[in-house]
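Notes to accompany the following structure.
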Amino acid sequence: MSSRTWIALTAIGATFAVGPAACSQGGDAPGPTSASASSASSSASSTAGTGGTASSASASTGTSASASGTGGTGGSCKNLLPNETLEPAMLSNTGLYTDTAKKALAPYVKEFTPAFPLWSDGAEKHRWVYLPECGNVDTSAMDDWQLPVGTRIWKEFSLGGKRLETRMIHRYGPGAKDYLFTAYQWDAAESDAALQLNGVVNAGGTDHDIPDVDQCKHCHGPYPAKGGMPSRYLGFSALQLSHAGPGVTLSSLIADGKLSKPPAGDFTPPGTAVEKAALGYLHANCGNCHNDTNDGILVPAFNARLSVSDADVTKTGAYATMVNQKTTLFLGFGCNYRIAGQSVADSCAHLRMSQRGTDAMPNTKQMPPFASEVVDMTGLMALDAWIATLPAPM
Ligand code: HEC
Ligand code: HEC
């Protein structure tokens, strides 16, 4: 059993998990707002859990409209999905589905796909977003959007057509740490999924591991735990949504008037197809930890993230801080550079991407350091193809 204590609280016919404030989310507890918000969450979740329609959910909204802040559509605006500050015990209470067993999506959630996905050992992934009706995405930092309070994004993992896990990141408040990170494990019949905050090894008898919620923060943040970007959301960004669909894209958000400062159009990484593929791969798979924000890992100081303003391959973070740059920490393993032009063997990025451990035997050489036990051959080939085009170190 878990080291955290969860009390099942039954309220108006629905069950909610209530974490003691001190343990909730590793110290990022919502604090004094939780009592009032928990009543909001009760009505929200019971509505979602009983298959309520969008309009009945809207009727129960109390706190969320005012909480949404950024550029709403007026004082009378009400969000369809109420805000809450506690992790619902079941996926069916999070608002993703109106009927979880039937996989009937709520009318206010929309699917999206990032241009450059994170490798998840071949798992099939689906992602859905709920953007509050009353808030806009603050795009004043185009590389690091602030999504409106009340935003929820889910990501589902399946293997061999079987759903194993659905994750959620919910922004419940305006603060830098006001995010819930949750993971739900599907039952064998795929009728619903239950909250798992301490991770599950080999979920459903597969090799898929559900990460501990503290691991989420190594990639999604927040500071001072390090890792991630201040936006917390990694695949719902200007660069990642710059593609021709399907689902929510940068252009659909512009058309729907959801961006505070809409850009003129899509952004693309600079360079040839080979350069774009490698830069995009490093951005999505490494740049969540290796970046130059306060929330990124500062040591070793390299930045694998792309910026929407990158127009020249040699000026990208990955080129400037990795290509022909000697490693500072990873020493004595036969490679000398983070990326060495013309030499896969001298490129520690290649070596570390080729290394994997298992649950029983973790491998400290592997990159990313966790959440993968299978080498991404396509990603490795994208890196190697780029290395072949780069000048050798002087
Ligand atoms: C190894 C790094 C890593 C870990 C660990 C990780 N994530 Fe992510 N996650 C990412 C990246 C990168 C993306 C965007 C690319 C994608 O979706 O393929 C993402 C996407 C998501 C999304 C879709 C919204 C978004 O940010 O684009 C959700 C929801 C999510 N993760 C939740 C979680 C939760 C909850 C945990 C912990 C249980 C977790 N993640 C653990 C790296 C990670
Ligand atoms: C979850 C966070 C995380 C992710 C994601 C991640 N790294 Fe790292 N990386 C670290 C940490 C922490 C260190 C320092 C400790 C170590 O070397 O193991 C590091 C160190 C390194 C180093 C050594 C740098 C030096 O100068 O010594 C290389 C090379 C590297 N990472 C490559 C990658 C690549 C390539 C990816 C993507 C495929 C990646 N990392 C993804 C956390 C991460």
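Each chain in the structure tokens gets a letter, A, B and so on, in the order shown; residues start at 1 in every chain, and ligands are counted from 1 in the order they appear.
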Find the residues near Gly227 of chain A: any atom within 6 Å, counting only C-alpha atoms, skip ones fewer than 4 places away on the same chain, and give them as a PyMOL selection string.
-> chain A and resi 218-219+221+289+295-297
Shell of 6 Å around ligand 1 (only C-alpha atoms and all ligand atoms), written as a PyMOL selection string = chain A and resi 117-118+153-155+167-169+181-183+211-213+215-216+219+233-236+284-285+288+371
Please extract the residues at most 7 Å from ligand 2, counting only C-alpha atoms and all ligand atoms, and provide them as a PyMOL selection string, using the chain letters and residue numbers of this document.
-> chain A and resi 218-219+227+282+285-290+297+299-300+326-331+338+348-350+352-353+364-365+367-370
Skipping near chain neighbours, those fewer than 6 positions away, what residues fall within 10 Å of segment 241-248 of chain A using only C-alpha atoms, listed as a PyMOL selection string?
-> chain A and resi 110-116+127-129+235+265-268
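The shortest atom-to-atom distance to Leu306 of chain A, with only C-alpha atoms taken into account, belongs to A:Met142 out of A:Gly357, A:Met142, A:Gly205, A:Gly257.
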Would you please extract all alpha helix (DSSP H) residues from segment 318-366 of chain A, as assigned by DSSP on the backbone, and give them as JSON, numbers by chain?
-> {"A": [318, 319, 320, 321, 322, 348, 349, 350, 351, 352, 353]}
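Closest approach to Gln366 of chain A among A:Ala89, A:Ala101, A:Val137, A:Leu351: A:Leu351, based on only C-alpha atoms.
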Could you give me, as a tab-separated table, a per-residue list for segment 221-321 of chain A showing, wherever an atom lies at most 9 Å from an atom of segment 380-389 of chain A, the closest pair of atoms and their distance in Å to one decimal, using only C-alpha atoms and sorting by chain then residue number from low to high?
```
residue	atom	partner	partner_atom	distance
A:Val274	CA	A:Trp386	CA	6.0
A:Glu275	CA	A:Trp386	CA	6.0
A:Ala277	CA	A:Ala382	CA	6.1
A:Ala278	CA	A:Ala382	CA	5.2
A:Leu279	CA	A:Leu383	CA	8.4
A:Tyr281	CA	A:Ala382	CA	7.7
A:Leu282	CA	A:Leu383	CA	8.4
```
Produce a file of the selected residues containing C-alpha atoms, as a compact mmCIF listing (two decimals), in the first residue's frame.
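part13.txt was written with the following content:
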```txt
# COMPACT_ATOMS: atom_id res chain seq x y z
CA VAL A 274 17.00 15.88 -41.09
CA GLU A 275 17.70 18.92 -38.89
CA ALA A 277 13.55 15.87 -37.09
CA ALA A 278 16.55 15.85 -34.75
CA LEU A 279 15.81 19.25 -33.22
CA TYR A 281 13.08 15.05 -31.14
CA LEU A 282 15.52 16.64 -28.70
```
Where does DSSP see strand (DSSP E or B) in segment 48-260 of chain A, if you list the residues as a ChimeraX atom specification?
-> /A:90,97-99,104-105,110-112,124-130,137-138,146,152-159,162-171,179-186,193-195,200,210,259
If you keep N, CA and C atoms, can you produce a file of those selected residues as a short mmCIF file (atom, residue, chain, number, x, y, z; two decimals), in the first residue's frame?
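So the final result, stored in part_21.cif, reads:
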```cif
data_model
loop_
_atom_site.label_atom_id
_atom_site.label_comp_id
_atom_site.auth_asym_id
_atom_site.auth_seq_id
_atom_site.Cartn_x
_atom_site.Cartn_y
_atom_site.Cartn_z
N MET A 90 -11.41 8.67 -9.01
CA MET A 90 -11.62 7.87 -10.21
C MET A 90 -11.56 8.78 -11.44
N TYR A 97 -14.93 12.02 -19.42
CA TYR A 97 -16.01 11.27 -20.07
C TYR A 97 -17.37 11.61 -19.44
N THR A 98 -18.42 11.51 -20.22
CA THR A 98 -19.76 11.50 -19.64
C THR A 98 -20.14 10.07 -19.29
N ASP A 99 -19.59 9.09 -20.00
CA ASP A 99 -19.79 7.68 -19.66
C ASP A 99 -18.46 6.98 -19.87
N ALA A 104 -17.53 7.59 -23.73
CA ALA A 104 -18.23 8.74 -24.31
C ALA A 104 -17.60 10.01 -23.77
N LEU A 105 -16.90 10.72 -24.63
CA LEU A 105 -16.19 11.92 -24.20
C LEU A 105 -17.17 13.04 -23.87
N LYS A 110 -11.48 18.23 -26.17
CA LYS A 110 -11.08 18.08 -27.58
C LYS A 110 -9.73 17.38 -27.66
N GLU A 111 -9.58 16.54 -28.66
CA GLU A 111 -8.33 15.82 -28.83
C GLU A 111 -7.26 16.70 -29.49
N PHE A 112 -6.00 16.44 -29.19
CA PHE A 112 -4.90 17.12 -29.87
C PHE A 112 -3.70 16.18 -29.89
N GLU A 124 0.60 3.43 -27.45
CA GLU A 124 -0.26 4.31 -28.23
C GLU A 124 -0.83 5.36 -27.29
N LYS A 125 -0.80 6.64 -27.72
CA LYS A 125 -1.24 7.68 -26.81
C LYS A 125 -2.32 8.55 -27.44
N HIS A 126 -3.27 8.95 -26.60
CA HIS A 126 -4.29 9.93 -27.01
C HIS A 126 -4.32 11.03 -25.97
N ARG A 127 -4.54 12.24 -26.44
CA ARG A 127 -4.54 13.39 -25.52
C ARG A 127 -5.79 14.22 -25.77
N TRP A 128 -6.36 14.72 -24.66
CA TRP A 128 -7.54 15.58 -24.77
C TRP A 128 -7.36 16.79 -23.86
N VAL A 129 -7.92 17.90 -24.30
CA VAL A 129 -7.81 19.13 -23.52
C VAL A 129 -9.20 19.68 -23.21
N TYR A 130 -9.34 20.18 -22.00
CA TYR A 130 -10.49 21.04 -21.66
C TYR A 130 -9.94 22.43 -21.38
N VAL A 137 -5.72 31.51 -23.33
CA VAL A 137 -4.34 31.11 -23.12
C VAL A 137 -3.48 32.37 -23.17
N ASP A 138 -2.69 32.58 -22.10
CA ASP A 138 -1.79 33.74 -22.09
C ASP A 138 -0.55 33.37 -22.89
N GLN A 146 0.87 30.16 -20.65
CA GLN A 146 0.17 29.95 -19.39
C GLN A 146 -1.27 29.61 -19.73
N ARG A 152 -7.71 21.40 -17.92
CA ARG A 152 -7.32 20.01 -17.65
C ARG A 152 -6.87 19.39 -18.96
N ILE A 153 -5.77 18.66 -18.89
CA ILE A 153 -5.34 17.88 -20.06
C ILE A 153 -5.11 16.45 -19.62
N TRP A 154 -5.62 15.53 -20.43
CA TRP A 154 -5.48 14.10 -20.13
C TRP A 154 -4.61 13.46 -21.21
N LYS A 155 -3.87 12.42 -20.82
CA LYS A 155 -3.14 11.62 -21.81
C LYS A 155 -3.35 10.15 -21.48
N GLU A 156 -3.82 9.42 -22.47
CA GLU A 156 -4.14 7.99 -22.29
C GLU A 156 -3.07 7.13 -22.94
N PHE A 157 -2.69 6.06 -22.26
CA PHE A 157 -1.68 5.12 -22.77
C PHE A 157 -2.33 3.76 -22.98
N SER A 158 -2.12 3.18 -24.17
CA SER A 158 -2.54 1.79 -24.34
C SER A 158 -1.48 1.01 -25.08
N LEU A 159 -1.51 -0.29 -24.86
CA LEU A 159 -0.60 -1.22 -25.53
C LEU A 159 -1.45 -2.35 -26.09
N LYS A 162 -5.18 -2.14 -25.58
CA LYS A 162 -5.74 -2.21 -24.24
C LYS A 162 -5.35 -0.96 -23.46
N ARG A 163 -6.35 -0.25 -22.95
CA ARG A 163 -6.05 0.94 -22.14
C ARG A 163 -5.41 0.55 -20.83
N LEU A 164 -4.30 1.22 -20.49
CA LEU A 164 -3.61 0.91 -19.24
C LEU A 164 -3.65 2.07 -18.26
N GLU A 165 -3.49 3.27 -18.77
CA GLU A 165 -3.33 4.41 -17.89
C GLU A 165 -3.86 5.67 -18.56
N THR A 166 -4.45 6.56 -17.74
CA THR A 166 -4.76 7.91 -18.22
C THR A 166 -4.25 8.90 -17.19
N ARG A 167 -3.44 9.87 -17.66
CA ARG A 167 -2.87 10.89 -16.78
C ARG A 167 -3.64 12.18 -16.94
N MET A 168 -3.55 13.00 -15.92
CA MET A 168 -4.19 14.32 -16.02
C MET A 168 -3.31 15.37 -15.37
N ILE A 169 -3.24 16.52 -15.99
CA ILE A 169 -2.66 17.70 -15.35
C ILE A 169 -3.75 18.75 -15.32
N HIS A 170 -4.05 19.20 -14.11
CA HIS A 170 -5.15 20.15 -13.92
C HIS A 170 -4.61 21.41 -13.26
N ARG A 171 -4.76 22.52 -13.93
CA ARG A 171 -4.36 23.79 -13.32
C ARG A 171 -5.54 24.29 -12.49
N TYR A 179 -1.00 23.08 -9.63
CA TYR A 179 -1.31 22.06 -10.65
C TYR A 179 -1.47 20.73 -9.95
N LEU A 180 -2.47 19.96 -10.34
CA LEU A 180 -2.60 18.58 -9.88
C LEU A 180 -2.02 17.67 -10.96
N PHE A 181 -1.17 16.76 -10.55
CA PHE A 181 -0.64 15.73 -11.45
C PHE A 181 -1.23 14.41 -11.00
N THR A 182 -1.98 13.75 -11.84
CA THR A 182 -2.59 12.49 -11.43
C THR A 182 -2.40 11.42 -12.49
N ALA A 183 -2.40 10.17 -12.02
CA ALA A 183 -2.34 9.03 -12.94
C ALA A 183 -3.42 8.04 -12.51
N TYR A 184 -4.19 7.57 -13.47
CA TYR A 184 -5.28 6.62 -13.20
C TYR A 184 -4.99 5.32 -13.93
N GLN A 185 -5.14 4.22 -13.21
CA GLN A 185 -4.93 2.90 -13.82
C GLN A 185 -6.27 2.28 -14.19
N TRP A 186 -6.36 1.86 -15.45
CA TRP A 186 -7.61 1.24 -15.92
C TRP A 186 -7.79 -0.14 -15.31
N ALA A 193 -10.98 3.93 -14.28
CA ALA A 193 -9.57 3.90 -13.90
C ALA A 193 -9.43 4.57 -12.54
N ALA A 194 -8.55 4.01 -11.68
CA ALA A 194 -8.43 4.46 -10.30
C ALA A 194 -7.10 5.19 -10.08
N LEU A 195 -7.18 6.22 -9.23
CA LEU A 195 -6.02 7.06 -8.91
C LEU A 195 -4.87 6.23 -8.35
N VAL A 200 2.83 2.43 -10.54
CA VAL A 200 2.54 1.00 -10.65
C VAL A 200 3.57 0.42 -11.62
N ILE A 210 3.44 2.92 -14.58
CA ILE A 210 2.78 4.20 -14.28
C ILE A 210 3.71 4.95 -13.34
N LEU A 259 -6.30 32.66 -27.92
CA LEU A 259 -4.95 33.08 -27.57
C LEU A 259 -4.91 34.59 -27.29
#
```
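We find atom CA of Gly341 of chain A and atom CA of Asp121 of chain A to be spaced 27.4 Å apart.
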